[in-house]
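upload.cif, holding mmCIF, C-alpha atoms:
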data_coords
loop_
_atom_site.label_atom_id
_atom_site.label_comp_id
_atom_site.auth_asym_id
_atom_site.auth_seq_id
_atom_site.Cartn_x
_atom_site.Cartn_y
_atom_site.Cartn_z
CA MET A 5 89.41 -42.04 -0.73
CA ASN A 6 87.26 -44.68 -2.39
CA GLY A 7 86.33 -46.87 0.54
CA SER A 8 88.07 -49.13 3.03
CA SER A 9 90.51 -51.89 2.23
CA LEU A 10 88.96 -55.19 1.15
CA ALA A 11 92.13 -57.14 1.96
CA VAL A 12 91.23 -60.30 3.88
CA GLY A 13 94.38 -62.40 4.19
CA GLN A 14 97.70 -63.63 2.81
CA ARG A 15 98.20 -66.53 0.40
CA SER A 16 101.29 -68.60 -0.33
CA LEU A 17 102.78 -68.33 -3.80
CA GLY A 18 104.36 -71.72 -3.21
CA ASP A 19 100.94 -73.34 -2.74
CA PRO A 20 97.97 -71.00 -3.35
CA SER A 21 95.68 -73.30 -1.36
CA ILE A 22 97.53 -72.22 1.80
CA GLU A 23 96.22 -69.01 3.35
CA PHE A 24 97.12 -67.00 6.44
CA PRO A 25 95.54 -64.10 8.35
CA LEU A 26 96.20 -60.62 6.99
CA SER A 27 98.21 -59.67 10.08
CA PRO A 28 101.04 -59.87 10.83
CA PRO A 29 102.68 -59.44 7.40
CA LEU A 30 104.76 -62.56 6.69
CA THR A 31 108.00 -60.74 5.95
CA LYS A 32 109.95 -64.03 5.88
CA GLY A 33 107.72 -65.62 3.27
CA CYS A 34 105.53 -68.68 3.51
CA PRO A 35 106.50 -70.74 6.58
CA ARG A 36 104.89 -73.93 5.23
CA THR A 37 106.29 -74.18 1.69
CA SER A 38 109.72 -72.54 2.01
CA THR A 39 112.86 -74.65 2.31
CA ASP A 40 116.53 -74.02 3.04
CA GLU A 41 117.10 -73.56 -0.71
CA ILE A 42 113.93 -71.76 -1.88
CA ALA A 43 111.78 -69.22 -0.05
CA TYR A 44 108.27 -68.68 -1.38
CA PRO A 45 106.62 -65.24 -0.94
CA VAL A 46 103.03 -64.65 0.06
CA GLU A 47 100.59 -62.21 -1.52
CA VAL A 48 97.60 -60.28 -0.21
CA VAL A 49 94.12 -61.68 -0.92
CA TYR A 50 90.99 -59.50 -1.34
CA ASP A 51 87.24 -59.91 -1.27
CA TYR A 52 86.92 -59.18 -4.99
CA GLY A 53 83.17 -59.79 -4.95
CA ARG A 54 82.74 -56.56 -2.99
CA VAL A 55 84.82 -54.35 -5.31
CA ASP A 56 82.67 -51.63 -6.88
CA LYS A 57 83.78 -51.31 -10.51
CA VAL A 58 83.02 -47.58 -10.37
CA LEU A 59 86.49 -47.45 -8.78
CA PHE A 60 87.87 -47.54 -12.32
CA ASP A 61 85.74 -44.66 -13.57
CA GLN A 62 88.05 -42.15 -11.89
CA GLU A 63 91.01 -40.37 -13.45
CA PRO A 64 94.48 -41.53 -12.37
CA GLY A 65 96.24 -39.07 -10.10
CA PRO A 66 98.56 -38.71 -7.10
CA ASP A 67 97.96 -40.55 -3.80
CA ILE A 68 97.39 -44.27 -4.31
CA ALA A 69 94.69 -44.16 -1.63
CA ARG A 70 92.29 -43.67 -4.56
CA TRP A 71 92.66 -47.46 -4.96
CA SER A 72 92.14 -48.24 -1.25
CA PRO A 73 89.70 -51.16 -1.69
CA LEU A 74 92.38 -53.09 -3.59
CA LEU A 75 95.25 -52.24 -1.23
CA PRO A 76 96.11 -53.18 2.34
CA SER A 77 95.03 -50.50 4.80
CA LEU A 78 97.02 -47.30 4.22
CA GLU A 79 97.97 -46.07 7.69
CA ALA A 80 100.94 -43.93 6.60
CA PRO A 81 100.27 -40.46 5.16
CA THR A 82 100.77 -39.88 1.47
CA LEU A 83 103.57 -37.93 -0.15
CA GLY A 84 101.64 -37.78 -3.43
CA GLU A 85 102.91 -41.00 -4.96
CA GLY A 86 101.36 -42.30 -8.19
CA GLY A 87 99.62 -40.56 -11.06
CA THR A 88 102.84 -40.52 -13.09
CA PRO A 89 102.84 -39.49 -16.76
CA LEU A 90 102.66 -41.87 -19.71
CA LEU A 91 104.81 -40.48 -22.51
CA GLU A 92 105.01 -41.55 -26.14
CA PHE A 93 108.53 -42.23 -27.29
CA ASP A 94 110.05 -44.01 -30.30
CA GLY A 95 106.92 -46.06 -31.00
CA ILE A 96 106.36 -47.10 -27.38
CA HIS A 97 104.93 -45.61 -24.21
CA LEU A 98 107.15 -44.72 -21.25
CA LYS A 99 105.62 -44.81 -17.78
CA ASP A 100 107.84 -42.25 -16.06
CA GLU A 101 108.10 -43.28 -12.41
CA SER A 102 110.88 -40.76 -11.79
CA GLN A 103 108.03 -38.27 -11.18
CA ASN A 104 107.19 -39.81 -7.80
CA PRO A 105 108.02 -37.90 -4.57
CA THR A 106 111.50 -39.40 -4.08
CA TRP A 107 112.00 -39.77 -7.83
CA SER A 108 111.40 -43.51 -8.12
CA HIS A 109 108.78 -46.24 -8.35
CA LYS A 110 109.70 -47.36 -4.82
CA ASP A 111 107.36 -44.74 -3.37
CA ARG A 112 104.37 -46.88 -4.31
CA LEU A 113 105.81 -49.86 -2.45
CA ASN A 114 106.84 -47.88 0.62
CA ARG A 115 103.50 -46.12 1.08
CA VAL A 116 102.08 -49.61 1.60
CA ALA A 117 105.01 -51.21 3.49
CA VAL A 118 105.45 -48.30 5.92
CA SER A 119 101.68 -48.37 6.47
CA ALA A 120 102.13 -51.96 7.63
CA ALA A 121 104.82 -50.82 10.07
CA VAL A 122 102.42 -48.22 11.49
CA ALA A 123 99.58 -50.73 11.75
CA GLU A 124 101.79 -53.27 13.52
CA GLY A 125 103.03 -50.70 16.05
CA ALA A 126 106.65 -51.19 14.98
CA ALA A 127 109.43 -49.27 16.70
CA GLY A 128 110.76 -48.15 13.34
CA VAL A 129 111.57 -49.19 9.80
CA VAL A 130 114.75 -50.91 8.61
CA VAL A 131 115.88 -51.39 5.00
CA ALA A 132 119.00 -52.71 3.29
CA SER A 133 119.36 -50.60 0.16
CA SER A 134 121.96 -48.80 -1.88
CA GLY A 135 119.62 -46.32 -3.50
CA ASN A 136 115.97 -45.83 -4.37
CA HIS A 137 114.45 -48.16 -1.81
CA GLY A 138 116.39 -46.65 1.08
CA ALA A 139 115.52 -43.08 0.14
CA SER A 140 111.85 -43.91 -0.30
CA ALA A 141 111.56 -45.91 2.92
CA ALA A 142 113.27 -43.11 4.84
CA ALA A 143 110.91 -40.50 3.39
CA TYR A 144 107.72 -42.43 4.16
CA ALA A 145 108.97 -43.35 7.63
CA ALA A 146 109.66 -39.67 8.32
CA ARG A 147 106.19 -38.74 7.07
CA ALA A 148 104.68 -41.35 9.39
CA GLY A 149 106.77 -40.25 12.37
CA LEU A 150 108.84 -43.43 12.54
CA PRO A 151 112.64 -43.67 12.85
CA ALA A 152 114.42 -45.42 10.00
CA ILE A 153 117.68 -47.33 9.70
CA VAL A 154 119.18 -47.75 6.23
CA LEU A 155 121.98 -50.25 5.68
CA ALA A 156 123.74 -49.08 2.53
CA SER A 157 126.49 -50.84 0.66
CA ALA A 158 129.91 -49.21 0.73
CA GLU A 159 129.76 -48.72 -3.05
CA SER A 160 126.49 -46.75 -3.10
CA PRO A 161 126.70 -43.17 -4.41
CA ALA A 162 127.57 -40.58 -1.77
CA ALA A 163 124.90 -38.25 -3.16
CA VAL A 164 122.23 -40.92 -2.66
CA GLN A 165 123.38 -41.54 0.91
CA ALA A 166 123.09 -37.78 1.54
CA PHE A 167 119.61 -37.89 0.03
CA VAL A 168 118.60 -40.62 2.50
CA ARG A 169 120.13 -38.80 5.49
CA ALA A 170 118.16 -35.68 4.61
CA TYR A 171 115.01 -37.49 5.75
CA GLY A 172 116.52 -38.09 9.19
CA ALA A 173 117.34 -41.76 8.70
CA LYS A 174 120.38 -43.35 10.27
CA VAL A 175 122.51 -44.51 7.34
CA PHE A 176 125.29 -47.05 7.79
CA SER A 177 127.61 -47.85 4.90
CA MET A 178 128.94 -51.39 5.09
CA PRO A 179 129.97 -54.39 2.99
CA ALA A 180 126.93 -55.74 1.18
CA ASP A 181 127.15 -59.28 2.60
CA GLU A 182 127.14 -57.95 6.18
CA ARG A 183 123.87 -56.07 5.78
CA TRP A 184 121.47 -59.01 5.96
CA PRO A 185 122.55 -60.53 9.31
CA LEU A 186 122.47 -57.07 10.90
CA LEU A 187 119.04 -56.35 9.39
CA ARG A 188 117.63 -59.53 10.91
CA GLU A 189 119.11 -58.61 14.29
CA ILE A 190 117.53 -55.14 14.12
CA VAL A 191 114.18 -56.76 13.39
CA ASP A 192 114.42 -59.41 16.09
CA ARG A 193 115.97 -57.34 18.90
CA LEU A 194 114.84 -53.76 18.26
CA GLY A 195 111.35 -54.44 16.93
CA TYR A 196 111.85 -52.58 13.64
CA HIS A 197 109.68 -53.46 10.67
CA PRO A 198 111.69 -54.82 7.70
CA VAL A 199 110.99 -53.57 4.21
CA SER A 200 113.86 -55.60 2.74
CA ASN A 201 114.38 -59.29 2.10
CA GLN A 202 115.33 -61.66 4.93
CA THR A 203 115.30 -65.03 3.14
CA VAL A 204 117.59 -67.20 0.99
CA THR A 205 115.76 -66.34 -2.23
CA HIS A 206 113.75 -63.16 -2.38
CA THR A 207 110.42 -62.85 -0.61
CA GLY A 208 110.58 -59.24 0.58
CA HIS A 209 107.60 -57.48 2.11
CA PRO A 210 104.32 -59.25 1.30
CA TYR A 211 102.40 -55.97 1.06
CA GLY A 212 104.96 -54.08 -1.03
CA PRO A 213 104.06 -55.25 -4.55
CA GLU A 214 100.45 -54.28 -3.87
CA GLY A 215 101.56 -50.68 -4.28
CA TYR A 216 102.95 -51.49 -7.72
CA LYS A 217 99.55 -52.79 -8.84
CA THR A 218 98.47 -49.18 -9.10
CA ILE A 219 100.77 -48.78 -12.12
CA ALA A 220 98.60 -51.34 -13.93
CA TYR A 221 95.42 -49.50 -12.94
CA GLU A 222 96.84 -46.21 -14.23
CA LEU A 223 98.06 -47.73 -17.48
CA PHE A 224 94.61 -49.26 -18.10
CA LEU A 225 92.98 -45.83 -17.72
CA GLN A 226 95.69 -43.87 -19.53
CA LEU A 227 95.70 -46.17 -22.56
CA GLY A 228 92.01 -46.99 -22.49
CA ARG A 229 92.92 -50.66 -22.77
CA VAL A 230 95.38 -53.33 -21.61
CA PRO A 231 98.80 -52.96 -23.27
CA ALA A 232 100.14 -55.81 -25.37
CA ALA A 233 103.44 -55.89 -23.49
CA VAL A 234 105.12 -54.34 -20.45
CA PHE A 235 108.90 -54.16 -20.14
CA ALA A 236 110.00 -53.64 -16.53
CA PRO A 237 113.50 -53.13 -15.12
CA THR A 238 113.94 -56.14 -12.88
CA GLY A 239 116.02 -56.84 -9.81
CA TYR A 240 113.99 -58.74 -7.24
CA ALA A 241 110.95 -58.52 -9.58
CA GLU A 242 108.53 -56.95 -7.11
CA LEU A 243 107.65 -54.29 -9.69
CA LEU A 244 107.19 -56.89 -12.42
CA PHE A 245 104.94 -59.02 -10.21
CA GLY A 246 102.93 -56.09 -8.92
CA VAL A 247 102.12 -54.73 -12.37
CA TRP A 248 101.20 -58.22 -13.58
CA LYS A 249 98.95 -58.78 -10.56
CA GLY A 250 97.17 -55.48 -11.17
CA PHE A 251 96.25 -56.57 -14.68
CA THR A 252 95.14 -60.02 -13.49
CA GLU A 253 92.78 -58.27 -11.08
CA LEU A 254 91.33 -56.16 -13.90
CA ARG A 255 90.66 -59.40 -15.77
CA LEU A 256 89.16 -61.01 -12.66
CA LEU A 257 86.83 -58.05 -12.20
CA GLY A 258 85.64 -58.37 -15.79
CA LEU A 259 87.13 -55.05 -16.84
CA ALA A 260 89.79 -56.49 -19.15
CA GLY A 261 89.85 -59.52 -21.41
CA GLY A 262 93.48 -60.42 -20.79
CA VAL A 263 96.83 -59.38 -19.38
CA PRO A 264 99.91 -58.01 -21.15
CA ARG A 265 102.95 -60.14 -21.77
CA MET A 266 105.43 -59.27 -19.03
CA PHE A 267 109.13 -58.92 -19.83
CA SER A 268 111.73 -58.94 -17.09
CA CYS A 269 114.67 -56.72 -18.07
CA GLU A 270 117.83 -57.56 -16.15
CA PRO A 271 121.54 -56.68 -16.41
CA ALA A 272 123.47 -59.28 -18.38
CA ALA A 273 125.98 -59.26 -15.50
CA GLY A 274 123.52 -61.23 -13.38
CA GLY A 275 119.97 -62.15 -14.29
CA PRO A 276 118.63 -64.53 -11.62
CA ASN A 277 115.09 -64.25 -12.99
CA ALA A 278 116.28 -65.22 -16.47
CA ARG A 279 118.21 -68.16 -15.02
CA ALA A 280 115.21 -69.47 -13.08
CA LEU A 281 112.96 -69.25 -16.13
CA ALA A 282 115.54 -70.99 -18.34
CA ASP A 283 115.99 -73.79 -15.81
CA GLY A 284 112.30 -74.17 -15.00
CA ALA A 285 113.12 -73.38 -11.36
CA PRO A 286 110.96 -71.42 -8.90
CA ALA A 287 113.85 -69.01 -8.22
CA ALA A 288 117.60 -68.84 -8.71
CA ILE A 289 120.82 -67.43 -7.29
CA VAL A 290 123.57 -66.51 -9.78
CA GLU A 291 127.08 -65.15 -9.72
CA LEU A 292 127.01 -61.39 -10.27
CA GLY A 293 129.46 -59.59 -12.52
CA ALA A 294 130.19 -55.88 -12.72
CA SER A 295 127.40 -53.51 -13.75
CA ALA A 296 126.81 -49.79 -13.27
CA ALA A 297 123.06 -50.50 -13.12
CA TYR A 298 123.36 -51.05 -9.38
CA GLY A 299 119.63 -50.54 -8.79
CA ILE A 300 118.74 -53.85 -10.47
CA ALA A 301 122.06 -55.72 -10.50
CA GLY A 302 121.69 -58.61 -8.09
CA SER A 303 122.53 -62.25 -7.65
CA VAL A 304 119.38 -63.32 -5.78
CA GLY A 305 116.03 -63.81 -7.50
CA GLY A 306 112.56 -64.66 -6.26
CA HIS A 307 109.50 -66.61 -7.29
CA ARG A 308 107.34 -63.56 -8.00
CA GLY A 309 109.14 -62.67 -11.22
CA VAL A 310 109.01 -66.23 -12.47
CA LEU A 311 105.25 -66.30 -11.98
CA ALA A 312 104.68 -62.98 -13.75
CA VAL A 313 106.72 -63.86 -16.84
CA ARG A 314 105.65 -67.48 -17.12
CA ASP A 315 101.94 -66.99 -16.57
CA SER A 316 101.72 -63.96 -18.90
CA GLY A 317 103.58 -65.63 -21.78
CA GLY A 318 106.42 -63.13 -21.49
CA GLU A 319 110.18 -63.53 -21.54
CA ALA A 320 113.31 -62.59 -19.65
CA VAL A 321 115.67 -60.27 -21.54
CA LEU A 322 119.28 -59.61 -20.50
CA VAL A 323 120.77 -56.24 -21.44
CA THR A 324 124.32 -54.95 -21.24
CA ASP A 325 125.38 -51.68 -19.65
CA ASP A 326 126.13 -50.29 -23.11
CA GLU A 327 122.61 -51.14 -24.29
CA MET A 328 121.14 -49.43 -21.24
CA ARG A 329 123.39 -46.39 -21.74
CA ALA A 330 122.20 -46.02 -25.32
CA ALA A 331 118.57 -46.15 -24.19
CA GLN A 332 119.29 -43.74 -21.34
CA ARG A 333 120.97 -41.29 -23.71
CA ASP A 334 118.10 -41.40 -26.20
CA LEU A 335 115.52 -40.85 -23.48
CA ALA A 336 117.47 -37.84 -22.21
CA ARG A 337 117.49 -36.38 -25.73
CA GLN A 338 113.69 -36.49 -25.49
CA GLY A 339 113.68 -34.68 -22.14
CA VAL A 340 113.51 -37.69 -19.78
CA TRP A 341 116.61 -38.41 -17.67
CA GLN A 342 116.39 -41.93 -16.29
CA GLU A 343 118.79 -43.74 -14.01
CA LEU A 344 120.76 -46.39 -15.93
CA SER A 345 118.63 -49.11 -14.30
CA GLY A 346 115.50 -47.21 -15.28
CA ALA A 347 116.40 -47.43 -18.96
CA ALA A 348 116.59 -51.25 -18.90
CA GLY A 349 113.01 -51.61 -20.16
CA LEU A 350 113.61 -49.59 -23.31
CA ALA A 351 116.96 -51.30 -23.85
CA ALA A 352 115.29 -54.72 -23.64
CA TYR A 353 112.48 -53.74 -26.00
CA ARG A 354 115.00 -52.57 -28.58
CA LYS A 355 117.11 -55.68 -28.16
CA LEU A 356 114.14 -58.01 -28.62
CA ARG A 357 113.20 -56.39 -31.95
CA ARG A 358 109.64 -57.70 -31.92
CA ASP A 359 106.33 -56.31 -33.13
CA PHE A 360 103.31 -56.44 -30.82
CA ASP A 361 99.63 -56.28 -31.59
CA GLY A 362 98.89 -53.30 -29.38
CA PRO A 363 100.58 -50.69 -27.18
CA VAL A 364 103.96 -51.43 -25.60
CA VAL A 365 104.86 -49.88 -22.25
CA CYS A 366 108.38 -49.54 -20.89
CA VAL A 367 108.52 -48.60 -17.22
CA GLY A 368 111.15 -45.98 -16.43
CA THR A 369 111.81 -46.43 -12.74
CA SER A 370 114.04 -43.63 -11.45
CA SER A 371 115.75 -40.29 -11.98
CA GLY A 372 119.22 -40.07 -13.47
CA PHE A 373 120.32 -38.15 -10.38
CA LYS A 374 120.62 -41.53 -8.63
CA ASP A 375 123.36 -42.89 -10.92
CA LEU A 376 126.94 -43.62 -9.94
CA GLY A 377 129.30 -40.71 -10.53
CA VAL A 378 126.64 -38.06 -11.05
CA GLY A 379 128.04 -34.62 -10.20
CA GLU A 380 131.65 -35.78 -10.03
CA GLU A 381 132.62 -34.56 -13.51
CA THR A 382 133.91 -30.98 -13.49
CA HIS A 383 133.89 -28.39 -16.27
CA PRO A 384 136.31 -25.50 -15.66
CA ALA A 385 135.15 -22.00 -16.45
CA ARG A 386 136.10 -20.70 -19.89
CA THR A 387 136.99 -17.12 -20.64
CA GLY A 388 136.87 -15.25 -23.90
CA LEU A 389 133.94 -17.21 -25.36
CA THR A 390 132.57 -15.95 -28.66
CA LEU A 391 129.41 -16.75 -30.62
CA ALA A 392 131.51 -18.96 -32.86
CA ASP A 393 132.46 -21.07 -29.84
CA LEU A 394 128.80 -21.42 -28.85
CA THR A 395 127.64 -22.61 -32.26
CA ASP A 396 130.38 -25.18 -32.98
#
Show the structure stored in the file as structure tokens.
Amino acid sequence: MNGSSLAVGQRSLGDPSIEFPLSPPLTKGCPRTSTDEIAYPVEVVYDYGRVDKVLFDQEPGPDIARWSPLLPSLEAPTLGEGGTPLLEFDGIHLKDESQNPTWSHKDRLNRVAVSAAVAEGAAGVVVASSGNHGASAAAYAARAGLPAIVLASAESPAAVQAFVRAYGAKVFSMPADERWPLLREIVDRLGYHPVSNQTVTHTGHPYGPEGYKTIAYELFLQLGRVPAAVFAPTGYAELLFGVWKGFTELRLLGLAGGVPRMFSCEPAAGGPNARALADGAPAAIVELGASAAYGIAGSVGGHRGVLAVRDSGGEAVLVTDDEMRAAQRDLARQGVWQELSGAAGLAAYRKLRRDFDGPVVCVGTSSGFKDLGVGEETHPARTGLTLADLTD
């Protein structure tokens, strides 16, 4: 470890002049600026004047506790999250988050969020998730000795539900719109700590995106500089915000001269972040069409993503399932199998067709094993094969 946490409080993203104590985590967003139509998240504030810059002389590697001064206190044990590879591909760099313990970027968030549950003495952890988030929360809860309840949508892949159950979590498959009222009841009546959203627009866990900041720290060390642009698959935009915040901290500490332009990469079937940015709104809710990229296909957005794109000079890019499939296929041909959602960054970069003055990073968020329909296709055994058959 590199010292104790220097986190000192929580600050409203609706009005940064409003601050709150560090504990308890405000899992329902800012109580002073949120309204019935818009919920504003809070973020964690640190005593940056006490950060020793030698922290960034280390090599990136597994266990995000190496960044402890710039994270909330990590009370949950590690599973070896972080330290993922940065691969060169097709003129860009791919940050391969499928190499985390449960094969997705969510492990960075849940190391921090489950730590909050431990610190608060919660009875357990509850999450509404159809995939990566549920598996990751269940794994970190198990590691910390906490029970977990996962409310999965009825359409989530059976293999992913089995993956979550393997960690000992109680998994309940139910209609998506019924998950949120039940989640709130579990929080209020059973004392479980929520690591999913509870508000009208997305606020989520206030500590969660702090785990994603470590991607920015790693990229800075792996590249030896700040990238010109980062393309991130975007649902609720916690990843997008966390990476952006990590680079803003590097600038604040005098280690970097600027931040990359942040690009939110959403399915064209929805795109609440794109809608909010186009309308100049703090957040938006849209009608959601059909998309196989279930990991990032959502109708509800949040203010975090708007901040990250707007304040970095980035853009929102909408990509179709076909565009994501093409990117996913090309990545696999280079030895990297990403979930369809995880290929959204590369798909958006290709769609934008823009040159940048410096490195471009696409974040690949999750393993292709998490996709819909994986393992359902059968290939009957063939007899009488010859070398000619094998070389066709």
Report task. Tell me, as number ranges by chain, which residues lie within 7 Å of Ala132 (chain A), counting all atoms listed in the file; anything in the same chain fewer than 6 positions away does not count. Result -> A: 138, 154-156, 183, 200
Query raised in the report: Taking (102.7, -65.2, 3.0) in the file's coordinates as the center, which residues reach within 8 Å of it, counting only C-alpha atoms, put as a list in words?
Result: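 Residues close enough to count: Gln14, Arg15, Ser16, Leu17, Glu23, Phe24, Pro29, Leu30, Thr31, Lys32, Gly33, Cys34, Pro35, Tyr44, Pro45, Val46, Glu47, Val48 and Pro210 of chain A.
Closest to Tyr240 (chain A) among A:Arg36, A:His307, A:Lys110, A:Arg329 is A:His307, based on all atoms listed in the file.
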Report task. Find the residue from A:Gly299, A:His97, A:Gly339, A:His206 that sits nearest to Ser157 (chain A); use only C-alpha atoms when measuring. Result -> A:Gly299
Report task. Considering only C-alpha atoms, state which residue in the set A:Pro276, A:Pro76, A:Gly172, A:Gly84 is at the smallest distance from Pro28 (chain A). Result ->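 Using only C-alpha atoms, the shortest distance to Pro28 (chain A) belongs to A:Pro76.
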Query raised in the report: Within 8 Å of region 376-381 of chain A, counting all atoms listed in the file, which residues qualify if same-chain residues fewer than 6 places away don't, as a ChimeraX atom specification?
Result: /A:160-161,296
Query raised in the report: Can you list, as an MDAnalysis selection string, every protein, DNA or RNA residue that comes within 12 Å of Gly258 (chain A) when you count all atoms listed in the file, leaving out same-chain residues fewer than 2 positions away?
Result: chainID A and resid 52:53 55:57 60 251:256 260:263
Please produce a file of the residues just selected, as a PDB file, in the frame of the given file, where the atoms kept are C-alpha atoms.
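Done, and the output landed in out.pdb:
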ATOM      1  CA  TYR A  52      86.920 -59.180  -4.990  1.00  0.00           C
ATOM      2  CA  GLY A  53      83.170 -59.790  -4.950  1.00  0.00           C
ATOM      3  CA  VAL A  55      84.820 -54.350  -5.310  1.00  0.00           C
ATOM      4  CA  ASP A  56      82.670 -51.630  -6.880  1.00  0.00           C
ATOM      5  CA  LYS A  57      83.780 -51.310 -10.510  1.00  0.00           C
ATOM      6  CA  PHE A  60      87.870 -47.540 -12.320  1.00  0.00           C
ATOM      7  CA  PHE A 251      96.250 -56.570 -14.680  1.00  0.00           C
ATOM      8  CA  THR A 252      95.140 -60.020 -13.490  1.00  0.00           C
ATOM      9  CA  GLU A 253      92.780 -58.270 -11.080  1.00  0.00           C
ATOM     10  CA  LEU A 254      91.330 -56.160 -13.900  1.00  0.00           C
ATOM     11  CA  ARG A 255      90.660 -59.400 -15.770  1.00  0.00           C
ATOM     12  CA  LEU A 256      89.160 -61.010 -12.660  1.00  0.00           C
ATOM     13  CA  ALA A 260      89.790 -56.490 -19.150  1.00  0.00           C
ATOM     14  CA  GLY A 261      89.850 -59.520 -21.410  1.00  0.00           C
ATOM     15  CA  GLY A 262      93.480 -60.420 -20.790  1.00  0.00           C
ATOM     16  CA  VAL A 263      96.830 -59.380 -19.380  1.00  0.00           C
TER      17      VAL A 263
END
Requested in this report: Quick one: apply the PyMOL selection byres ((chain A and resi 295) around 8) to the file and drop the selected residues here as a list in words.
Outcome: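 Evaluating the PyMOL selection byres ((chain A and resi 295) around 8) on these coordinates yields Pro271, Ala273, Gly293, Ala294, Ala296, Ala297, Tyr298, Ala301 and Asp325 of chain A.
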Query raised in the report: Which residues match the PyMOL selection byres ((chain A and resi 345-357) around 6) in the file above, as a list in words?
Result: Phe235, Ala236, Pro237, Cys269, Ala297, Gly299, Val321, Glu327, Met328, Ala331, Gln332, Gln342, Glu343, Leu344, Arg358, Cys366, Gly368, Thr369 and Ser370 of chain A
